[in-house]
4 protein chains.
Amino acid sequence: MTKIKLGMVGGGKDAFIGEVHRMAARLDNRYELVAGALSSDAKRAAVSAMELGISEKRSYASYKEMAKKEGKLKNGIDAVAIVTPNHLHADVATEFLNAGIHVICDKPLTSCLEDAEELAALVKSSGLVFAVTYNYSGYPMVRQAKEMIAKGDIGTVRVVQLEYAQDWLATNIEQDGQKQAAWRTNPEQAGAGGAIGDIGTHAFHLAEFITGLEANSLLADLDAFVGGRSLDDNANILLHYKNGAKGMLWVSQIASGKENGLRIRVYGTKAGIEWAQEDPNYLHFTPLGEPRRMITRSGAGAGELANAASRIPGGHPEGFIEGFANIYRETADLIEAHRDQRELNSLVPNVDDGLRGMRFIDKAVASNHAGSIWQSLDH
Amino acid sequence: MTKIKLGMVGGGKDAFIGEVHRMAARLDNRYELVAGALSSDAKRAAVSAMELGISEKRSYASYKEMAKKEGKLKNGIDAVAIVTPNHLHADVATEFLNAGIHVICDKPLTSCLEDAEELAALVKSSGLVFAVTYNYSGYPMVRQAKEMIAKGDIGTVRVVQLEYAQDWLATNIEQDGQKQAAWRTNPEQAGAGGAIGDIGTHAFHLAEFITGLEANSLLADLDAFVGGRSLDDNANILLHYKNGAKGMLWVSQIASGKENGLRIRVYGTKAGIEWAQEDPNYLHFTPLGEPRRMITRSGAGAGELANAASRIPGGHPEGFIEGFANIYRETADLIEAHRDQRELNSLVPNVDDGLRGMRFIDKAVASNHAGSIWQSLDH
Amino acid sequence: MTKIKLGMVGGGKDAFIGEVHRMAARLDNRYELVAGALSSDAKRAAVSAMELGISEKRSYASYKEMAKKEGKLKNGIDAVAIVTPNHLHADVATEFLNAGIHVICDKPLTSCLEDAEELAALVKSSGLVFAVTYNYSGYPMVRQAKEMIAKGDIGTVRVVQLEYAQDWLATNIEQDGQKQAAWRTNPEQAGAGGAIGDIGTHAFHLAEFITGLEANSLLADLDAFVGGRSLDDNANILLHYKNGAKGMLWVSQIASGKENGLRIRVYGTKAGIEWAQEDPNYLHFTPLGEPRRMITRSGAGAGELANAASRIPGGHPEGFIEGFANIYRETADLIEAHRDQRELNSLVPNVDDGLRGMRFIDKAVASNHAGSIWQSLDH
Amino acid sequence: MTKIKLGMVGGGKDAFIGEVHRMAARLDNRYELVAGALSSDAKRAAVSAMELGISEKRSYASYKEMAKKEGKLKNGIDAVAIVTPNHLHADVATEFLNAGIHVICDKPLTSCLEDAEELAALVKSSGLVFAVTYNYSGYPMVRQAKEMIAKGDIGTVRVVQLEYAQDWLATNIEQDGQKQAAWRTNPEQAGAGGAIGDIGTHAFHLAEFITGLEANSLLADLDAFVGGRSLDDNANILLHYKNGAKGMLWVSQIASGKENGLRIRVYGTKAGIEWAQEDPNYLHFTPLGEPRRMITRSGAGAGELANAASRIPGGHPEGFIEGFANIYRETADLIEAHRDQRELNSLVPNVDDGLRGMRFIDKAVASNHAGSIWQSLDH
């Protein structure tokens, strides 16, 4: 068993998402964290590295230096996890790709569509593995939904109902120094999308992932309800899918009382499926003319995809970290396949998924600007 | 105790909604059903009347005859319940109003906006009681939500999330002779709205009733997913409210697995409230920064409006019939107040609410026709 | 359509259960309330009668007088509803049975086992209809559970888990003049059982009704947690059923936060069923090795018994009053069958069910007294 | 950061609980698995070790050899995780304790009470850390419940309702070669308790952990419903707690449709709390006379203990592995405190908790044998 050598950019002490990436990487024992540029603050970077068991000389002050050096080390990192604010994703990824290092990048892909397009081109020409952590697609019952729809269990999809609602930005906490809020509400760091970028892209991806359908146009009504905020904190969006299905997507970070309410419901000619992230071990299946069923993770009725993404028996709940870890585990499979020059089909979201997310943001902003006019997502 | 003498037009044997009106009228012992034109089929009308204990001579072959005769009888009916298909509402109501008889009319008010406007004018000039059975507003916990929002418990409303989803029209049952489906999918009987008229009007009214806000514009994306259907069976609608709040409304009669899924969620600056018709005895209250609470009908935290609309202690569920009966009970109060020439504030939906529902249908159709363009609801 | 003429003993103004009986009687238009001895307080009786439209001369000061006179009237009452405190049930029922009048009696049947045995003998010799309002057996989904178990859908029953928990007696409200609490905690009016009599008998009956099994022994651990109370307010009971199934029953009126938490879960060799009174329109069916299903009232999968007990379509919740009204409606069927000298199978709980409830109370008290020793329920 | 060097006995390839222990150990990066006697089958042991990155020379053929050698190595293991069938726990633990190595032992502690008593004595004399993986006590919301009850939030505890129901032994799978089932239903490997040992001990511990109350007596009615089984697969148990509180505990492994249904509900004079393992991120709090509240992990209302046991924000569900990992993390704290000769209060279940569990099994069997007679748990 050889572990994949992992580096990390961003994710210093107390950053939420960095630690999530690390726990996800650890859970299945496939990665070893050996290098990092964990913070733009040098002292913070060093302390964080020490706490994580990264040796001093592989704790870098800048990601450029890290990419350059690690790319040349005999036992340099195989992959890097990028967990910085959005505006740095493209530059960091570019450095590491250019150094021949695989990339695991947090979402949204970049802070503007043009960067995303360039990055996508670079990834393709590099031939390297590039994973985007649309982690909700890693949940076993999301996989179950995907498998059931692909098998035709709900018939032809007609209706997609999406929502992703939180409340942590219901007040102006960015002005009180809450760091997570500060960069997410700042267009220079977050890009053109507020809530639509931070969480809307997750929902948008999830729907395409589960249904296997591509959205071809959208219409958006965006708001910044909280005073002094320039980016959207609430978005009401209509969607058209290529097969004629119709969608609605509500994205909000000001919905008082909501913690992390990502939910998807899909209705087809024969049945519906319903899944909620906060209760992730259950998939509700509602066949027309039959009683509603609840399919449980690792339980009766769970299929191949779900079981492959599960670690423990039904009734023993798995959660967010395990779903995230599935993305890491499957990215490890991709990296090993790359090393062995094997082809491997994978469910791991890739740079094209990341690019679509950026287009979603771009078009939502454009539609809203034009007074809620339909925008094509095809180009 | 003198009971109100009630007549009924429509609602013969086996009709669903007619029997609901009758149970609602009976529950509190305030009405006595004494006359009817229960069916356009004379034999069916007679049999139904007999079964209901209506005397032979007050079972009429036509509503016109009924209005004329009852209006002149010394002990003629005080009020009539109109439970016919939509296209007859206006004519029937007009006959009875002209005969000086109060009206309880099912929704939507009429089958076209013009009829609704004329009817509203007539009602006002008549001075008679006119109730529209937007019955969902009769549920105690809907009243609780209204009271809490009016008191400021959720702060300023920012977001309204509405849905009303069913599945009974997921297939083309209107072509198999299902009578309820046949008239509802027939523009000549139903009017310009399919699902938006049959159930969308309920949701639209419910939101204005609960929030106390008026919607001032909408944008609609309507579909008729089932082959051969000309009226909408699925509708995705965006709403703007006058205070700046934003809304989404999903209406569907083809959502496989949904029975009668009317749900409203409202999020304000201080808290949210969530209510689902299928579990009507619970109101979820989600204050920002505090744990979610479940307020139960007649339970701790239930206020004046809810308690006034409840009959039995908490934990003893009340349902659809009881909520409907509240509209009847409060209409009885209005009729008695009219008799006694007393003023009475009432929560009973009136002809203006009915008229707004018709405007909602009209504008949704217009918006959809124009490619999902915002339409004003003000005129 | 001739309505059954109904009288009522007890149930004056503001009594909870009397009004429930009246709403139940009204809902299906099968009864007409024409006589009453509504209160031992003469003035209260008269006012209540007037409000209910009972003529002055059929508002009686005593139930004895009422039984005697109504028994002789040409159009005297066909049936009487007894809604007094427990200790009066036997005497009142005896008077009316002796007058040839059918009886609808609230539970528990009497206040002591001996009275119950005598009453049962009298009922049998009289040949009259005698219904005991174990009303929870009237819920459609309870009927569904009964039908499914009878059909073998869950296989052989192994485990019965019962609970009926409330909190309204969590403090000593009987000493603050709460009338409902006062008589229920007073052994002279309530009999030997506190919570076990008031609500435990419901749960005990429900289990036998649903499973079709008879309990043959029990073991009890009773408490009176609230100071100054002599009757049980919490009971932990084990049960043995004749087929070898084992049961647990928790009864409590001091479970803080519980409103009316009656719940039954039955597990057999092939599946389980779960039902909760506070969400009565759902029956959960859990087949071994298949996903859990939710069967809804009037929905897909609902069978004959449930549908016969339902009034409106699925998704339109029915509640406590409707379930109670089923007992009334089916008692009306029994009374009409008696009049026509027809045999009629019925699900209405009868005097034997009432008697079993009294034996349950008696044996639970005996078991507890003996230090939680098994007691036979067979004699 | 120095990691604790961990060994494992049992838990070879495909064993469920061994992998759970390993994931739990990995999640927080506090342990390094460096040695093992992973299977009594030498080949299986070797393959498993290789897959886990354990060096060949520290993959042992027997736990005795492992204890002896590791105890003498300069960098030998600090701690061992024992994940064998029950009957080996005592011997294995004894070997490692005698070698001066800390122990993390799966539950139940041993296969008979006498062994448990001896082991407890040895642990105490050794001064070593001994953790018993009653892992459900590691869930954050279990900690929340403990903290709230300790603070008096529910008043004096009166009622404890416990259940732990599964269905995986509803049929005789032990005769079809299901290895997990085979040893658990075999008294020689499992000990005197079937379901009561395997899962009942978890529930029994959880109640004492959460309430802070000690049970002083129990009464049991045990069954082996499935043919050919000598150990209990269903148990109905009554409990008395020292403060006068009364409890019920239902344990079942034949409850068709139940996956891992551990649930606890506690009602006090002021409020109740309710928690279910399958939805572990929610704690329901039901104050008398106020609306029910749902406290979420890391959400509003969560206290110190819960927050200390949480890794990620509310709405991002944590599950079984994370709860288990809390036991590992806190055991790491104990081991480090031992190394540094610091005192440390800890919530980690210890050998006394394990011993109480064994007494629970012993007394339940005795009570059942005597015909459901109360047995003291004090000695």
# chains A, B, ... in the order shown; residues from 1 in each chain; ligands from 1
call {"tool": "closest_atom_pairs", "arguments": {"of": "chain C", "to": "chain D", "cutoff": "7 Å", "atoms": "only C-alpha atoms", "output": "Markdown table"}}
result
| residue | atom | partner | partner_atom | distance |
| --- | --- | --- | --- | --- |
| C:Ala170 | CA | D:Thr269 | CA | 6.9 |
| C:Asn236 | CA | D:Met248 | CA | 6.8 |
| C:Met248 | CA | D:Asn236 | CA | 6.8 |
| C:Ala255 | CA | D:Tyr267 | CA | 5.5 |
| C:Ser256 | CA | D:Ala271 | CA | 4.9 |
| C:Gly257 | CA | D:Thr286 | CA | 4.6 |
| C:Tyr267 | CA | D:Ala255 | CA | 5.5 |
| C:Gly268 | CA | D:Ser256 | CA | 6.6 |
| C:Thr269 | CA | D:Ala170 | CA | 6.9 |
| C:Lys270 | CA | D:Ser256 | CA | 6.6 |
| C:Ala271 | CA | D:Ser256 | CA | 4.9 |
| C:Gly272 | CA | D:Ser256 | CA | 5.4 |
| C:Thr286 | CA | D:Gly257 | CA | 4.5 |
| C:Pro287 | CA | D:Gly257 | CA | 5.7 |
| C:Leu288 | CA | D:Ser256 | CA | 5.0 |
| C:Arg292 | CA | D:Gly257 | CA | 6.9 |
call {"tool": "residues_around", "arguments": {"residues": "region 114-117 of chain A", "least_positions_apart": "5", "cutoff": "7 Å", "atoms": "only C-alpha atoms", "output": "MDAnalysis selection string"}}
result
chainID A and resid 90 109 355 358
call {"tool": "select_by_dssp", "arguments": {"residues": "region 136-203 of chain C", "states": "helix (DSSP H, G or I)", "output": "short mmCIF file (atom, residue, chain, number, x, y, z; two decimals) with C-alpha atoms, in the first residue's frame"}}
result
data_model
loop_
_atom_site.label_atom_id
_atom_site.label_comp_id
_atom_site.auth_asym_id
_atom_site.auth_seq_id
_atom_site.Cartn_x
_atom_site.Cartn_y
_atom_site.Cartn_z
CA TYR C 136 -58.80 5.38 18.38
CA SER C 137 -59.92 2.15 16.76
CA GLY C 138 -61.98 4.33 14.42
CA PRO C 140 -58.68 4.67 9.05
CA MET C 141 -55.02 3.75 9.31
CA VAL C 142 -55.66 1.76 12.45
CA ARG C 143 -58.14 -0.19 10.39
CA GLN C 144 -55.50 -0.51 7.70
CA ALA C 145 -53.08 -2.00 10.21
CA LYS C 146 -55.73 -4.43 11.39
CA GLU C 147 -56.50 -5.51 7.84
CA MET C 148 -52.85 -5.96 6.91
CA ILE C 149 -52.11 -8.05 9.98
CA ALA C 150 -55.21 -10.16 9.44
CA ILE C 173 -53.29 20.76 38.65
CA GLU C 174 -56.09 18.84 40.38
CA GLN C 175 -55.46 20.95 43.43
CA ASP C 176 -55.92 24.14 41.44
CA LYS C 179 -62.12 19.90 36.88
CA GLN C 180 -60.98 17.36 34.28
CA ALA C 181 -57.96 16.56 36.41
CA ALA C 182 -59.89 16.52 39.66
CA TRP C 183 -62.18 13.64 38.89
CA ARG C 184 -59.59 11.64 36.97
CA PRO C 187 -60.43 7.14 43.03
CA GLU C 188 -64.06 7.64 43.97
CA GLN C 189 -64.88 8.99 40.56
CA ALA C 190 -62.21 7.42 38.38
CA ALA C 195 -53.52 6.96 33.80
CA ILE C 196 -54.00 3.26 33.15
CA GLY C 197 -57.76 3.76 33.21
CA ASP C 198 -57.97 7.08 31.47
CA ILE C 199 -55.62 6.31 28.59
CA GLY C 200 -54.04 2.91 29.22
CA THR C 201 -57.30 1.19 28.39
CA HIS C 202 -57.25 2.88 24.96
CA ALA C 203 -53.79 1.52 24.23
#
call {"tool": "atom_distance", "arguments": {"atom1": "CA of Tyr282 (chain B)", "atom2": "CA of Gly303 (chain C)"}}
result
27.6 Å
call {"tool": "atom_distance", "arguments": {"atom1": "CA of Asp28 (chain C)", "atom2": "CA of Pro349 (chain B)"}}
result
26.1 Å
call {"tool": "residues_around", "arguments": {"residues": "region 331-335 of chain A", "least_positions_apart": "5", "cutoff": "12 Å", "atoms": "only C-alpha atoms", "output": "VMD selection string"}}
result
chain A and resid 2 to 6 24 to 26 28 to 32 77 to 81 101 to 105 127 to 133 135 138 324 to 326 340 to 350
call {"tool": "select_by_dssp", "arguments": {"residues": "region 122-334 of chain A", "states": "strand (DSSP E or B)", "output": "ChimeraX atom specification"}}
result
/A:130-132,157-165,215-223,234-241,246-252,261-268,271-276,282-287,292-296
call {"tool": "residues_around", "arguments": {"residues": "Ala35 (chain A)", "least_positions_apart": "6", "cutoff": "10 Å", "atoms": "only C-alpha atoms", "output": "ChimeraX atom specification"}}
result
/A:5-9,49,52-60,66,70,76-77,80
call {"tool": "write_last_selection", "arguments": {"atoms": "N, CA and C atoms", "output": "mmCIF file, in the first residue's frame"}}
result
data_model
loop_
_atom_site.group_PDB
_atom_site.id
_atom_site.type_symbol
_atom_site.label_atom_id
_atom_site.label_comp_id
_atom_site.auth_asym_id
_atom_site.auth_seq_id
_atom_site.Cartn_x
_atom_site.Cartn_y
_atom_site.Cartn_z
ATOM 1 N N LYS A 5 0.974 11.132 -1.961
ATOM 2 C CA LYS A 5 1.555 12.254 -1.216
ATOM 3 C C LYS A 5 0.811 13.534 -1.583
ATOM 4 N N LEU A 6 0.242 14.141 -0.548
ATOM 5 C CA LEU A 6 -0.656 15.274 -0.762
ATOM 6 C C LEU A 6 -0.060 16.562 -0.195
ATOM 7 N N GLY A 7 -0.241 17.649 -0.941
ATOM 8 C CA GLY A 7 0.057 18.974 -0.418
ATOM 9 C C GLY A 7 -1.227 19.766 -0.292
ATOM 10 N N MET A 8 -1.146 20.866 0.408
ATOM 11 C CA MET A 8 -2.350 21.691 0.558
ATOM 12 C C MET A 8 -1.979 23.165 0.474
ATOM 13 N N VAL A 9 -2.804 23.932 -0.244
ATOM 14 C CA VAL A 9 -2.652 25.388 -0.307
ATOM 15 C C VAL A 9 -3.875 26.014 0.342
ATOM 16 N N ALA A 49 1.407 23.923 9.956
ATOM 17 C CA ALA A 49 2.169 22.800 9.406
ATOM 18 C C ALA A 49 2.678 21.905 10.525
ATOM 19 N N LEU A 52 0.179 19.747 12.017
ATOM 20 C CA LEU A 52 -0.285 18.689 11.111
ATOM 21 C C LEU A 52 0.801 17.679 10.802
ATOM 22 N N GLY A 53 1.970 17.864 11.407
ATOM 23 C CA GLY A 53 3.037 16.892 11.180
ATOM 24 C C GLY A 53 3.738 17.067 9.844
ATOM 25 N N ILE A 54 3.588 18.258 9.247
ATOM 26 C CA ILE A 54 4.319 18.565 8.009
ATOM 27 C C ILE A 54 5.714 19.056 8.420
ATOM 28 N N SER A 55 6.720 18.517 7.776
ATOM 29 C CA SER A 55 8.077 18.885 8.189
ATOM 30 C C SER A 55 8.336 20.340 7.824
ATOM 31 N N GLU A 56 9.224 20.945 8.566
ATOM 32 C CA GLU A 56 9.453 22.385 8.428
ATOM 33 C C GLU A 56 9.830 22.774 7.003
ATOM 34 N N LYS A 57 10.662 21.917 6.421
ATOM 35 C CA LYS A 57 11.160 22.343 5.100
ATOM 36 C C LYS A 57 10.133 22.176 3.992
ATOM 37 N N ARG A 58 9.065 21.463 4.291
ATOM 38 C CA ARG A 58 8.005 21.356 3.280
ATOM 39 C C ARG A 58 6.794 22.220 3.646
ATOM 40 N N SER A 59 7.008 23.091 4.587
ATOM 41 C CA SER A 59 5.991 24.101 4.862
ATOM 42 C C SER A 59 6.450 25.377 4.157
ATOM 43 N N TYR A 60 5.728 25.765 3.123
ATOM 44 C CA TYR A 60 6.181 26.846 2.248
ATOM 45 C C TYR A 60 5.491 28.160 2.576
ATOM 46 N N MET A 66 6.152 26.495 -3.461
ATOM 47 C CA MET A 66 5.776 25.110 -3.183
ATOM 48 C C MET A 66 5.630 24.325 -4.478
ATOM 49 N N GLU A 70 8.210 21.350 -5.053
ATOM 50 C CA GLU A 70 7.618 20.016 -4.970
ATOM 51 C C GLU A 70 7.638 19.318 -6.337
ATOM 52 N N GLY A 76 8.336 14.332 -4.337
ATOM 53 C CA GLY A 76 7.437 15.457 -4.196
ATOM 54 C C GLY A 76 5.984 15.003 -4.187
ATOM 55 N N ILE A 77 5.118 15.949 -3.853
ATOM 56 C CA ILE A 77 3.690 15.597 -3.757
ATOM 57 C C ILE A 77 3.169 15.134 -5.113
ATOM 58 N N VAL A 80 -2.203 18.216 -5.087
ATOM 59 C CA VAL A 80 -2.376 19.344 -4.173
ATOM 60 C C VAL A 80 -3.869 19.616 -3.985
#
